Amino acid sequence: MMADPERTSAQPPDPAAVDAPAPHLPRAADTTIWRRLLGHRLFITGVILFGLVLAMALFADLLATAAPEKMNVRARFRTPQWAFLLGTDNYGRDIWSRLLYGSRLSLSIGFAVVLVTGVAGTCIGLLAGYFKRLDGPLMRLMDALMAFPAILLAIAIASALGPSAINAVIALSAVYTPRTARIVRGSVLVVREMDYVQAALASGARHGWVIWRHILPNSMAPLIVQLTFIFAYAVLAESILSFLGVGPPPPTPSWGSMIAEGQAYLREAPLMALFPGIAIALTAMGLNLLGDGLRDVLDPRLKVQHG
Amino acid sequence: MAEFVLRRLLSAIPVLLLVTLIAASIMQLVPGDPAMVIAGSGASDAEVQQVRLALGLDRSFGVRLLEWYGGLLRGDLGQSLLLNRSVTTAIAERLPVTLALAGFALLLTIIIGVPAGIIAALKANTAIDQAVLMLALIGVSVPNFWLSLMLIVAFGVWLEVLPAGGYTPFADDPLGWVRCLILPGISLALLQIGLLARITRATMLEVLRQDYVRTARAKGLPIRMVVGQHALRNVLVPVVTVIGISFGLLLSGSVVIETVYSIPGLGRLLATAIFSRDYPVIQGGLLVTAAMLVLLNLAVDLLYAVIDPRIKHDGRS
C-alpha cells in the first residue's frame, strides 16, 4: 500500500503498514539491490521523471528563454508559441522560464524538508527506541503533532512565522518529522533485540558505538523509502502554502503562487494555471514511483503485491 | 476487550493534553510583538493596545495558558477578533457544512475505490489493473487545489453544467446542494480513491492466495461467489482504515478546497482566520480538528475489534 500523505495516529492492523520494522540487510546483497532497482520498470520511470525535473532546476539558467521576473505588458496572455514556449502570464512574463525557476524553489524546499525530517526523525527515533525512559514522552509528542491535519498545521505555523522559504521548511518539517521518527523507532525496537546487538553490549561496547555501528545502518531502509514519499508530500504541501500566500513571497517564481495568479484569469487564460499544476503533478509522480520502487526492492516485506 | 478500550482511552489523554498545548502555543511563534503583527502595519498605537488586551498579550504566556485551559473546561475557546462571536459558535456554525462535504467525498471514495481495487486484484497484471494503479498514482500526485481549478474551468466555465463555487444548504434546495458538492467532492476524494483502491487491491490479492479461497475455487464455486462470500469481509478492514485516515485528509483538504470553491465550512473559516491573524479562531479550530481526529482514531481502533476478531489488543499503542 502506498504511504499516505497524512497518516493520522490510527494504526491499521495491516502487516504491510508503513511503520513495519526494518529488515536486516546483508551487505552482500548490495549489488543485487542495484540490479533489481534497474530492472524495476516503475522505478526507472520515476528516475526519468524526477531526473527531468531535476535537470530543469539545475540547468534553469541555460533552458530559460527569458528572465523569470521580467514583465512585458505588451506581451500579456500570449498563447504558446516559439518565442514563449508555454505562453505568458498577466504581466507578460514567460511561463516556461518561470516554471524552470519554480522547480528550483520546489526541489530545494522539498530537499531541505527531507534533510531536516531525516536527521531530526532519526535522532528522535533513535533516542525513543533505544532509551526506554525517553520513549513515552517523545512518542506522545510525536502523536500529538500527528493528530493535527498536516496541511492545516503547516499553514498555521508558516503563517505565524511569516511567509518565507525557510519558514516553509520549518513548518513542513514540524509536520513530517513525527512520521520519520516513528519509522526509525520501530526499526530500532526490533534491531535492539537482535542477538548481535545484545552480544556487542554484553562484550562491553558503548551505547554510542552500538547505535552508530549496528542500529543506525539496519534502520535505514524503511527511512529512505519514507523520505522519498516525504519529498513528494513536501513538494505538494509547499505548493499549497504558496497557493494560499503563506509560502515564499513574490516575485520569486513558485509553482503554487503561479497557480494562485492563474486563478484570477481562469476564463481568459486557463493555461496560466494549467502548466504549473502539471509540473507539480509530474514531480510528485516521479517521487512516488521512486518511493514505490525503493520499497519493493529495499523493503520487500512492505511490498504491494503485483499479482 | 473492556481493558483494551480503557487502556486506549487513557492513552489518548496525554496526546489530547499535548494537542491543546501545541494549539495554544501557535501564537508564540509570531516573531516580535504579536499584537503589532496582528493589528497590521497601518494600525495606530491604540489599536495595537486593543489587540494586546483582547488577546491577553499583556499577561505572561503561563497565565494565558492557565486561562485557556480554564476556558476549555467550560467549553469556552475565547472570542474571535473579527467575527464578533465566540470561537465555539463560529466553529459550530461551519462544522455541518464541512461534515457534509467530507461525508460526500467519503461516499465517493468508497463506492469508487473499493470496486476499483477488487476488479484490479481479480484482473491482476492486465490493462485494467494497470489503469487502476495509474489512477491511484495520479490521485496521490495531483495537487487537489489545482484539480479543483481545472474542474471549475471545465464544468463551471466551459460546459456550464455545475456551479463553479458557492454552497446551497440542503434545506433550501436538496438538488442544488448535491450539485454544489459534486466538484469539491471529487477534488477531495481523488487522493483517497487512489489510496483505498491500492489498499483494497493488495488485501484482495492477499485473500485470493489463501487456502480457503483455493478450496472454494477447487470445489467449483464460481469466482463471483468466492469473492462475495469470502473475500469481501476481509476487504472491510482496509475500508475502515481508510475512513480513519480519510477524515484527517479531508479536514486538511477542506482548508484549500473550501477556499477555492467558496464553501462556508470549517476549512474556509480557518483559512480566513489564518490570513486575518484571528488567533483565537486559529487555536480553537486547530484544537477542535485535532481532537476530532484523536477521537475518530480511537473509534476506528475499536471498530477493528468488531470487524476483525483476529486483531489482538495487547501491546498496541
# chains A, B, ... in the order shown; residues from 1 in each chain; ligands from 1
>>> interface_residues(of="chain B", to="chain A", cutoff="7 Å", atoms="only C-alpha atoms", output="ChimeraX atom specification")
/B:14-16,18-19,26-27,29-31,124-125,137,141-143,146,153,195,198-199,202,241,244-245,248-249,251-252,274,286,289-290,293-294,297,301
>>> residues_around(residues="B:Val178", least_positions_apart="2", cutoff="12 Å", atoms="only C-alpha atoms", output="list of chain:residue names")
B:Ala100, B:Leu101, B:Gly103, B:Phe104, B:Ala105, B:Leu162, B:Pro163, B:Gly166, B:Tyr167, B:Thr168, B:Pro169, B:Phe170, B:Ala171, B:Asp172, B:Asp173, B:Pro174, B:Leu175, B:Gly176, B:Cys180, B:Leu181, B:Ile182, B:Leu183, B:Pro184, B:Gly185
>>> write_last_selection(atoms="N, CA and C atoms", output="mmCIF file, in the first residue's frame")
data_model
loop_
_atom_site.group_PDB
_atom_site.id
_atom_site.type_symbol
_atom_site.label_atom_id
_atom_site.label_comp_id
_atom_site.auth_asym_id
_atom_site.auth_seq_id
_atom_site.Cartn_x
_atom_site.Cartn_y
_atom_site.Cartn_z
ATOM 1 N N ALA B 100 -20.729 17.670 5.775
ATOM 2 C CA ALA B 100 -21.475 17.269 4.575
ATOM 3 C C ALA B 100 -20.520 17.009 3.419
ATOM 4 N N LEU B 101 -19.586 17.938 3.226
ATOM 5 C CA LEU B 101 -18.613 17.794 2.136
ATOM 6 C C LEU B 101 -17.750 16.547 2.361
ATOM 7 N N GLY B 103 -18.453 13.914 4.161
ATOM 8 C CA GLY B 103 -19.261 12.707 4.010
ATOM 9 C C GLY B 103 -19.459 12.361 2.550
ATOM 10 N N PHE B 104 -19.728 13.392 1.737
ATOM 11 C CA PHE B 104 -19.926 13.176 0.314
ATOM 12 C C PHE B 104 -18.653 12.620 -0.332
ATOM 13 N N ALA B 105 -17.512 13.208 0.030
ATOM 14 C CA ALA B 105 -16.239 12.740 -0.526
ATOM 15 C C ALA B 105 -15.957 11.300 -0.087
ATOM 16 N N LEU B 162 -22.224 22.595 -13.948
ATOM 17 C CA LEU B 162 -22.201 22.549 -12.483
ATOM 18 C C LEU B 162 -21.749 23.912 -11.957
ATOM 19 N N PRO B 163 -22.202 24.271 -10.760
ATOM 20 C CA PRO B 163 -21.769 25.555 -10.202
ATOM 21 C C PRO B 163 -20.259 25.582 -9.987
ATOM 22 N N GLY B 166 -19.481 28.163 -4.385
ATOM 23 C CA GLY B 166 -20.619 28.532 -3.552
ATOM 24 C C GLY B 166 -21.256 27.322 -2.915
ATOM 25 N N TYR B 167 -22.209 27.584 -2.035
ATOM 26 C CA TYR B 167 -22.815 26.492 -1.283
ATOM 27 C C TYR B 167 -24.307 26.747 -1.125
ATOM 28 N N THR B 168 -25.124 25.738 -1.456
ATOM 29 C CA THR B 168 -26.565 25.816 -1.257
ATOM 30 C C THR B 168 -26.933 24.876 -0.111
ATOM 31 N N PRO B 169 -27.499 25.393 0.970
ATOM 32 C CA PRO B 169 -27.862 24.488 2.065
ATOM 33 C C PRO B 169 -28.901 23.470 1.614
ATOM 34 N N PHE B 170 -28.836 22.281 2.207
ATOM 35 C CA PHE B 170 -29.743 21.199 1.849
ATOM 36 C C PHE B 170 -31.192 21.628 2.034
ATOM 37 N N ALA B 171 -31.462 22.355 3.120
ATOM 38 C CA ALA B 171 -32.838 22.742 3.440
ATOM 39 C C ALA B 171 -33.424 23.661 2.353
ATOM 40 N N ASP B 172 -32.577 24.470 1.703
ATOM 41 C CA ASP B 172 -33.070 25.391 0.683
ATOM 42 C C ASP B 172 -33.412 24.669 -0.613
ATOM 43 N N ASP B 173 -32.515 23.754 -1.028
ATOM 44 C CA ASP B 173 -32.648 23.146 -2.346
ATOM 45 C C ASP B 173 -31.806 21.861 -2.382
ATOM 46 N N PRO B 174 -32.426 20.716 -2.092
ATOM 47 C CA PRO B 174 -31.644 19.468 -1.998
ATOM 48 C C PRO B 174 -30.844 19.156 -3.264
ATOM 49 N N LEU B 175 -31.450 19.400 -4.439
ATOM 50 C CA LEU B 175 -30.738 19.101 -5.678
ATOM 51 C C LEU B 175 -29.545 20.054 -5.846
ATOM 52 N N GLY B 176 -29.785 21.320 -5.561
ATOM 53 C CA GLY B 176 -28.712 22.303 -5.646
ATOM 54 C C GLY B 176 -27.584 21.970 -4.683
ATOM 55 N N CYS B 180 -23.758 21.399 -5.894
ATOM 56 C CA CYS B 180 -22.619 22.223 -5.478
ATOM 57 C C CYS B 180 -21.568 21.395 -4.733
ATOM 58 N N LEU B 181 -21.917 20.161 -4.364
ATOM 59 C CA LEU B 181 -20.925 19.323 -3.683
ATOM 60 C C LEU B 181 -20.135 18.440 -4.649
ATOM 61 N N ILE B 182 -20.628 18.293 -5.901
ATOM 62 C CA ILE B 182 -20.013 17.315 -6.811
ATOM 63 C C ILE B 182 -18.541 17.644 -7.095
ATOM 64 N N LEU B 183 -18.280 18.856 -7.592
ATOM 65 C CA LEU B 183 -16.891 19.184 -7.956
ATOM 66 C C LEU B 183 -15.964 19.188 -6.735
ATOM 67 N N PRO B 184 -16.324 19.885 -5.642
ATOM 68 C CA PRO B 184 -15.433 19.831 -4.471
ATOM 69 C C PRO B 184 -15.281 18.408 -3.929
ATOM 70 N N GLY B 185 -16.371 17.626 -4.008
ATOM 71 C CA GLY B 185 -16.293 16.242 -3.520
ATOM 72 C C GLY B 185 -15.286 15.444 -4.323
#
